[in-house]
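Asker: So that we are looking at the same thing, I have put the structure below in structure tokens.
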Amino acid sequence: MKSRMLFAIAGLLLVGCEYESPFTTEHSIVIDSAVLGLWEPKPDEGKEPKEGERMMILKYSDTEYLIHYPAGEDGIYYRGYPIKIGGISCVQLQIIGTKDGPPRKDEADLFYVVSYQLTDSGLEIKTLNTNVVDDDLKSTEELHAAFLKHKENKDLFNDPEVFRRKESAPRD
């Protein structure tokens, strides 16, 4: 039950956007090295950032990210890889596990899709809107078709979160 609860509260980025099938099994697009590093939520003006919501994005391979969110003892590790659907760039994520190990078998095959944009404000991440691409669709083909049908919809991605790069302390 603890494991299920942990995955249910996977973080602000992934609330309500899990799919049982991947949108694609292809992942040959090179990662964007500009997003690598430690990120923290951009706080509201006059407030301090929340320490517990940092996100670490690392290069796992030329075409895959290793993402730890929230970065810390209770964080979840994700495998992420850039994908393109109908000319729209996204990142598909899959849970790898937590400090307690890999996800249970029934949780191992959950996928998430996000978009990101680097701006002057930082790294803006949006989740795929399940009101537009229904998370009840079961197959890769159905998901792909639904995405393409709605690719021009301005609400295809929603719930933006803005992160700023966390400057690391100098190393001796």
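Every chain in the structure tokens has a letter given in the order shown (A, B, ...), and although residue numbers restart at 1 in each chain, ligands are simply numbered from 1 in the order shown.
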Give me the residues of segment 31-92 of chain A that have any atom at most 7 Å from an atom of segment 109-128 of chain A; for each, the nearest atom pair and the distance in Å, rounded to one decimal. Use only C-alpha atoms, sort by chain and number, and format it as a Markdown table.
Answerer:
| residue | atom | partner | partner_atom | distance |
| --- | --- | --- | --- | --- |
| A:Ser89 | CA | A:Ser115 | CA | 6.9 |
| A:Cys90 | CA | A:Ser115 | CA | 4.6 |
| A:Val91 | CA | A:Val114 | CA | 5.4 |
| A:Gln92 | CA | A:Val113 | CA | 4.6 |
Asker: Near segment 35-50 of chain A, within 7 Å and counting only C-alpha atoms, which residues show up once chain neighbours fewer than 4 positions away are dropped, as a count of residues only?
Answerer: 11
Asker: Contacts of segment 17-28 of chain A at 10 Å or less, counting only C-alpha atoms, minus same-chain residues fewer than 3 places along, as a PyMOL selection string?
Answerer: chain A and resi 8+13-14+31+62-64+80-85+91-94+106-114+127-131+133-145+147
Asker: Just asking: which residues within segment 61-93 of chain A are strand (DSSP E or B) according to DSSP, as an MDAnalysis selection string?
Answerer: chainID A and resid 61 64:69 76:85 88:93
Asker: Just the number, please: distance in Å from atom CA of Pro160 of chain A to atom CA of Gly52 of chain A, one decimal.
Answerer: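 Taking atom CA of Pro160 of chain A as the start and atom CA of Gly52 of chain A as the end point, the length is 18.4 Å.
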Asker: List every residue of segment 9-166 of chain A that DSSP, applied to the backbone, labels as helix (DSSP H, G or I), and write the result as a list of chain:residue names.
Answerer: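 Secondary structure check on segment 9-166 of chain A, helix (DSSP H, G or I): A:Ser33, A:Ala34, A:Val35, A:Glu51, A:Gly52, A:Glu53, A:Thr140, A:Glu141, A:Glu142, A:Leu143, A:His144, A:Ala145, A:Ala146, A:Phe147, A:Leu148, A:Lys149.
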Asker: Taking N, CA and C atoms for each residue, export the selection above as a short mmCIF file (atom, residue, chain, number, x, y, z; two decimals), in the first residue's frame.
Answerer:
data_model
loop_
_atom_site.label_atom_id
_atom_site.label_comp_id
_atom_site.auth_asym_id
_atom_site.auth_seq_id
_atom_site.Cartn_x
_atom_site.Cartn_y
_atom_site.Cartn_z
N SER A 33 20.95 18.53 -23.72
CA SER A 33 21.87 18.70 -22.59
C SER A 33 21.60 19.99 -21.81
N ALA A 34 20.86 20.93 -22.39
CA ALA A 34 20.56 22.18 -21.69
C ALA A 34 19.64 21.97 -20.49
N VAL A 35 18.94 20.84 -20.42
CA VAL A 35 18.04 20.61 -19.29
C VAL A 35 18.68 19.78 -18.19
N GLU A 51 12.57 23.19 -0.69
CA GLU A 51 13.70 22.27 -0.78
C GLU A 51 13.29 20.88 -1.26
N GLY A 52 12.16 20.38 -0.79
CA GLY A 52 11.77 19.02 -1.07
C GLY A 52 11.24 18.76 -2.46
N GLU A 53 11.18 19.76 -3.31
CA GLU A 53 10.61 19.58 -4.65
C GLU A 53 11.64 19.75 -5.75
N THR A 140 -1.02 1.65 -27.70
CA THR A 140 -0.15 2.66 -28.30
C THR A 140 -0.81 3.28 -29.52
N GLU A 141 -1.46 2.47 -30.32
CA GLU A 141 -2.11 2.97 -31.54
C GLU A 141 -3.24 3.95 -31.21
N GLU A 142 -4.07 3.62 -30.20
CA GLU A 142 -5.16 4.51 -29.79
C GLU A 142 -4.62 5.83 -29.25
N LEU A 143 -3.58 5.75 -28.42
CA LEU A 143 -2.97 6.96 -27.84
C LEU A 143 -2.38 7.84 -28.93
N HIS A 144 -1.66 7.23 -29.83
CA HIS A 144 -1.03 7.96 -30.92
C HIS A 144 -2.10 8.67 -31.77
N ALA A 145 -3.17 7.95 -32.12
CA ALA A 145 -4.24 8.53 -32.93
C ALA A 145 -4.93 9.68 -32.20
N ALA A 146 -5.19 9.52 -30.91
CA ALA A 146 -5.85 10.58 -30.14
C ALA A 146 -4.95 11.81 -30.05
N PHE A 147 -3.66 11.60 -29.86
CA PHE A 147 -2.73 12.72 -29.79
C PHE A 147 -2.74 13.47 -31.12
N LEU A 148 -2.63 12.74 -32.23
CA LEU A 148 -2.61 13.38 -33.55
C LEU A 148 -3.91 14.13 -33.83
N LYS A 149 -5.03 13.56 -33.41
CA LYS A 149 -6.33 14.20 -33.61
C LYS A 149 -6.40 15.56 -32.92
#
Asker: Hey, which of A:Asp159, A:Val30, A:Gly72, A:Tyr77 ends up closest to Ile96 of chain A? Count only C-alpha atoms.
Answerer: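 That would be A:Tyr77, the residue with the smallest distance to Ile96 of chain A.
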Asker: Would you please work out which residue, of A:Asp32, A:Asp155, A:Asp100, A:Glu167, is nearest to Tyr65 of chain A when using only C-alpha atoms?
Answerer: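 Smallest separation from Tyr65 of chain A among the options: A:Asp32.
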Asker: Give the answer as one residue: which of A:Lys151, A:Glu161, A:Ile29, A:Ile67 has the shortest atom-to-atom distance to Gly87 of chain A, using only C-alpha atoms?
Answerer: A:Lys151
